[in-house]
Structures are given as structure tokens and as C-alpha cells.
Amino acid sequence: MQSTHKAILKSLAAAGSLSLIIALLPKTGLAADYPAPGDFARGSKAWAENCGRCHNLRGANDLRDDQWITTVFHMRVRAGLTGQEMRDILTFLQSSNNRPIPANIVRTSAGSVADSGLSGQAIYNQTCIACHGADGKGALPGVPDFTDEGGRLTKPDAHLLRNMANGFQSPGSPMAMPAKGGNPALSEGDLRNVLKYLREAFGT
Amino acid sequence: MNEQHFFLRPTVLAVIAALMPVPSIAAGDIDALRETVESLQQQLEQVQKQLKEQEEAAASKQDVQQLQQEVAEASEWRDPNTLIHMAGYADVGYVEPEGEDGSFAVGSFSPIFHFQYRDLVMLESELEITQNDTETDVALEYLTLDYFFNDYVTVLAGKFLSPVGQFRQNLHPSWINKLPSAPPGFGHDGAAPVSELGIQLRGGFPLGSIRTNYALYVGNGPELKAEAEGAAGETEFEYELDGIDAEAFSSDGDGEKVFGGRIGIIPVPGLEIGLSGATGKATITELEAVSIDAGFLGGTAEDAEGGIGSEPDRDYDVYGADFALQWRNLDTRGEYVKSKVDDESGSVVAEGAEWESWYLQAAYKLRPTRWEGVVRYAEFDSPHDSADQDQWAIGVNYLFSNNFIGKLSYELNDGQQGSTSDDNRFFGQLAYGF
């Protein structure tokens, strides 16, 4: 009886495995344009959701851009990522791979003042949400809680905008927020819109 | 009256003009002035020339910006067809078993080499370099050629870490493992397979909003070893299964392949549930007779009646289940694995055996500090009472950075009285992932 159950289980496992192979092998999607571009926003989300499952998150500045290529390919194999997820994460890491500018030479302007037309909430959901969370309380260890009454949002706009524009490492946090959250396309106007949204949504 | 005025005005003007002092400019002064002007002209031309040269030599703001842009977009190092990269990890530490003197120890140095050609293929290999007293041992942890077949399938060929469970394939590197030791049963000669030599398909695919990952493999499978205890001088031994050598063998003694794999489901971010298993045949390939008094007696195949050549294969199965859950600063995970070989009446060891192990672990990061607390409970059951172990392990970690970690831990071990599995242990470890 036991051997019958075992045989059934093995048959089911074999059938499932075979079905998986048949379903996945014919899929096309091999990136012919190497390294194919990924999506920054999806990448930040995939990075936050996948990489911390096994190990402490590594900051984008830990490796050079070319080193990230082999590293994310390695992690694609290790973590069972799809090719698209891997490319998204690579785009996020490479785009975020810039060091915070030292405080004594910070720019007071983040570039163009004109915004992209996106609302602060839309930009937050694209660029910031992976680390700061939908509730603003921080989705990753070490990320500040915006809803904290005496927390980060008590700082003046100029201070916060400077940190957003140039990148910032919170005390005690193992990794730094990259300049403009890693999205260099954001203008000063965009940053102002995001800050406005932060204050409206999470400020006390 | 009008006539008088008519003559008066020119007369006055003429008198005034005659009385005005006429500047007397000497010819020598004019020459000096000319020389001065010429000198100034020459100096001006020189300054103009210098300015022009300076302009030509100096970079304008626009030039600098253009250069910065070119540097930023330089692609010769970002997008070569072939990339070479070395990663890995290393650890050193201190261990003090209960009732013994403690000692500093080199844990391991495990370089991982990556040689990648575009998004087509990557060679991955990890070495494990350890020191045993004064001897240095080098082992090949894994070596695979990864062919990226499409976005959902990667084909691995070579020696790979067993995808059964999560500890061996993903958590064993010292900078990732939150405690200095592996859970009992998840190291070598435990319940969980360590590695395999064969072909594996790995990847992930979405099922609606649910993410999944999978691994399927076929390999040479493990080998079994049997051991007998007897007094010195004995020539006939009663063997029993000692363990499963579930490490990659480059030969397949019984000619029977093992099939296995794992499927992982991530229903919501931060939670992964995995089911894994393997099935196939395994054969006793090593016999070892050990004297209770005098140590090793013999270990040749001929020690068994009929020789090892006639040793039949037997069913070999592994079952595993694991989970990982992260919520804010809390990281929890657990794993269960059971390896089993069936009875085989024609074997020198008729009776089968089971190895079973599980653990639960929780770690909490005390933000905003760099401290982390860890606790783990584990059990390991095997055919040998001396190896069985229940273990509580508690630890404190300090994250110098996310990849450089200092660990202190204490293991409370409960095993057979008098065996090493019953000894508590204190560990200190520095682990670095690079």
C-alpha cells in the first residue's frame, strides 16, 4: 500500500516536472540586446522583495556597474528570478550607483525646476515605495518612519530637498538612499511634488 | 549801430585769438609718444595672443560637461561581451566546546569565480579552502556552466549545490548564515543532501500576482556507507548503515540516476514556501570496520560477503519543506528534511535507515543600532544515537556593514551522554562576504 502511494506521488511529481519543462522551454524572451534595459521602478520593487529574503541587502554603491551585471546574473540563478526581473534589478542598481555628494559642495538646485507632470504620489509609487513602503513607515530595516511624530518630516523643506537631491544615509542605516532615489530623471519640481505628497500623506 | 557791431565782433575775436597761448609741441616729444603707443600696441598684441592661447588650451564649462557626459556613458567597461568577476566569502573565529580549552580557528575562504559571456552563458565556481591543523584543504564546492536558455529557464550542468531545501543552496555562506554553525543535520553527513553532479533546470515564473521559482535536476545520486563495530581481531562484522554520502560523485556506482527538485511559492512579498524532494537509487559503496578498542580495522569492499560488486541498489528518497518570512526587522525561517533508504534483503545491510532534521530560526535587527539577536532550535535524528542532537542556539550579531558581520553565539546541545553531540559550545566569528 505504501509503495503504491509512493509510486503515485512519484508519478505526480514526474508529470508536474515534465509539464513545467514543456510549458517553459518554448518561451522566447532571450534578451538579444545585451544588457537589455530594465525598468527602474519594477527593479527597485523586485530588489526589495527578493534580495533580502536570504541575505542582508547590499547597497548599490557596493559594486561597480559592470560587477553588478555578473552579480545579478548569479543571483538570477540562485534566487530563481526571471530574466526580466533580473534586468529590472540591474537597471535599478546601476541607476542608483552614485555616491551622495558631500555636504559642503551640495547643489542647491536639483536641476530643472519644471516637473515631469507626474504627481508626487505617482513618483513616490514609482521610485520611493520599494524602500519607504506604501504606508511611509519604511519597507526595509533601517529606513526611517515618515509617520513618526518627531521623525524625518519635522525637518525643513530645504533640508529634506537637499537630501532627496543628493542622497543621504540615515544614522544607523546600513545603506544610503541614492541621489533622487536612484532616478536621475527627476527634476527639482518632481522632488518638491514628492515632498509635498510626503507631508500630506504621512506628516502629522 | 548795426554797422558798428558788424565790425566789432570779428575784431574782438581776432584779438582773443591772438592773445591765446599757442601750445608749443617739440618734435622730440612726439617721437616719445609714438614709441609709447607702439610699445603699448605690442603689449596689447602679446596679451591678446596669450589670451587666445589660453582659450585654446583651457576647457570651457561646456567642454567639462561634455567630458563628464562622455565618461558617464563610456561603454568599453560597462558592456563588454565577456565579464570576469570574483565574489565569495570568508570567516575566521573562535570555538570553545564545553569542558575544553577554546581555540582560534580559520573557518573557510570561499572564492566564487564568475566568467560570463553576454547573457548567454556563465561559468560559476566556488572553492572552499579550509585549514585542518597545519594542513590546507581545497574542495570544489560547485562548478557549473549556466546556459541562460530563455527568461524562465536556465540550464546548469556540472556540480551544483543541492536544491533540496534552502540552507545548502542559499544560506550556508557564513556572511548569510546568521549563526556561526549550520543547523544539525544540514552539514555534511546530515539529513540534507549537500551537492549533486548532473544537469539542472532553474528559474522562475509568475502565476498571476504570485511569484514562483523552481529547480529540477537529474544527477549521479548519493552513495551509502556502512560501518561495523567489533573487537580487535574479529574478521566477521555485522554492518549497519552509517550515512548517506549525498555529495556530488563524479562516478555513478549503481548506474541509477537520482531525480529531484524544489518548487518555491511567494504568495506575498516577504513570504516564501518551498517543497522539495529527490528520488532514485543508492548503493553501499564503502564498508568500514571499526574496532571499539583499536580504531579502524578495515574498509575494503571484500570485507562484505560476496564483495561490494554484488551489492544491490535500494530505494533512496528525500522530502523537504521550508519557509522564510520577513516582516520589518524580523526574519524567520524554518526547514524540514528527511532522507530515507529502504530495506534491501540482498544487501550486506538488510535494514534501511532514515535521517531527519528540522530547525526554526528567528532573527531581529535592533534598529537603528547595528545589533541583531538570533535564536534557533533544531533537532537531528539518525540511525546512530551518538549523532542525534537537540539544539538551542542563541546569538548576538554586530553588522559592521551588511556584508561584514561579527557573531557571538552559544549552543545548548542535548545528545547522547558522553558524546560530542551533547557538549555545549561557544562560538565567536567574523564573516565577510565580498
# chains A, B, ... in the order shown; residues from 1 in each chain; ligands from 1
call {"tool": "closest_atom_pairs", "arguments": {"of": "region 68-136 of chain B", "to": "region 413-426 of chain B", "cutoff": "12 Å", "atoms": "only C-alpha atoms", "output": "CSV"}}
result
residue,atom,partner,partner_atom,distance
B:Gly93,CA,B:Phe426,CA,10.6
B:Tyr94,CA,B:Phe426,CA,8.1
B:Val95,CA,B:Phe426,CA,5.7
B:Glu96,CA,B:Phe426,CA,5.1
B:Pro97,CA,B:Arg425,CA,4.3
B:Glu98,CA,B:Asn424,CA,5.1
B:Gly99,CA,B:Asp423,CA,8.2
B:Glu100,CA,B:Arg425,CA,9.5
B:Asp101,CA,B:Phe426,CA,10.9
B:Gly102,CA,B:Phe426,CA,8.5
B:Ser103,CA,B:Phe426,CA,10.6
B:Phe104,CA,B:Phe426,CA,11.7
call {"tool": "residues_around", "arguments": {"residues": "Val194 (chain A)", "least_positions_apart": "6", "cutoff": "10 Å", "atoms": "only C-alpha atoms", "output": "list of chain:residue names"}}
result
A:Leu118, A:Ser119, A:Gly120, A:Gln121, A:Ala122, A:Ile123, A:Tyr124, A:Asn125, A:Cys128, A:Leu161, A:Met164, A:Glu188, A:Glu200
call {"tool": "write_last_selection", "arguments": {"atoms": "N, CA and C atoms", "output": "short mmCIF file (atom, residue, chain, number, x, y, z; two decimals), in the first residue's frame"}}
result
data_model
loop_
_atom_site.label_atom_id
_atom_site.label_comp_id
_atom_site.auth_asym_id
_atom_site.auth_seq_id
_atom_site.Cartn_x
_atom_site.Cartn_y
_atom_site.Cartn_z
N LEU A 118 4.08 64.37 -13.53
CA LEU A 118 3.58 63.32 -12.65
C LEU A 118 3.30 63.90 -11.27
N SER A 119 2.31 63.35 -10.61
CA SER A 119 2.01 63.83 -9.26
C SER A 119 3.06 63.29 -8.30
N GLY A 120 3.14 63.93 -7.14
CA GLY A 120 4.08 63.45 -6.12
C GLY A 120 3.79 62.01 -5.73
N GLN A 121 2.53 61.68 -5.67
CA GLN A 121 2.14 60.31 -5.30
C GLN A 121 2.59 59.32 -6.37
N ALA A 122 2.41 59.71 -7.63
CA ALA A 122 2.80 58.81 -8.72
C ALA A 122 4.31 58.55 -8.70
N ILE A 123 5.06 59.62 -8.47
CA ILE A 123 6.52 59.46 -8.43
C ILE A 123 6.92 58.60 -7.22
N TYR A 124 6.26 58.88 -6.09
CA TYR A 124 6.55 58.09 -4.88
C TYR A 124 6.29 56.61 -5.15
N ASN A 125 5.17 56.31 -5.80
CA ASN A 125 4.83 54.91 -6.06
C ASN A 125 5.78 54.26 -7.06
N CYS A 128 9.97 55.52 -4.89
CA CYS A 128 10.30 55.51 -3.46
C CYS A 128 9.68 54.35 -2.69
N LEU A 161 14.83 68.50 0.84
CA LEU A 161 15.05 68.54 -0.62
C LEU A 161 16.52 68.30 -0.95
N MET A 164 17.10 64.65 -0.61
CA MET A 164 16.48 63.92 -1.73
C MET A 164 17.30 64.09 -3.01
N GLU A 188 13.86 69.10 -10.01
CA GLU A 188 13.61 69.71 -8.71
C GLU A 188 12.11 69.84 -8.46
N GLU A 200 1.69 65.58 3.06
CA GLU A 200 0.22 65.41 3.09
C GLU A 200 -0.17 64.01 3.53
#
call {"tool": "residues_around", "arguments": {"residues": "Asp343 (chain B)", "least_positions_apart": "3", "cutoff": "7 Å", "atoms": "only C-alpha atoms", "output": "list in words"}}
result
Ala350, Glu351 and Gly352 of chain B
call {"tool": "closest_residue", "arguments": {"among": "A:Leu18, A:Ala158, A:Leu81, A:Val143", "to": "chain B", "atoms": "only C-alpha atoms"}}
result
A:Leu81
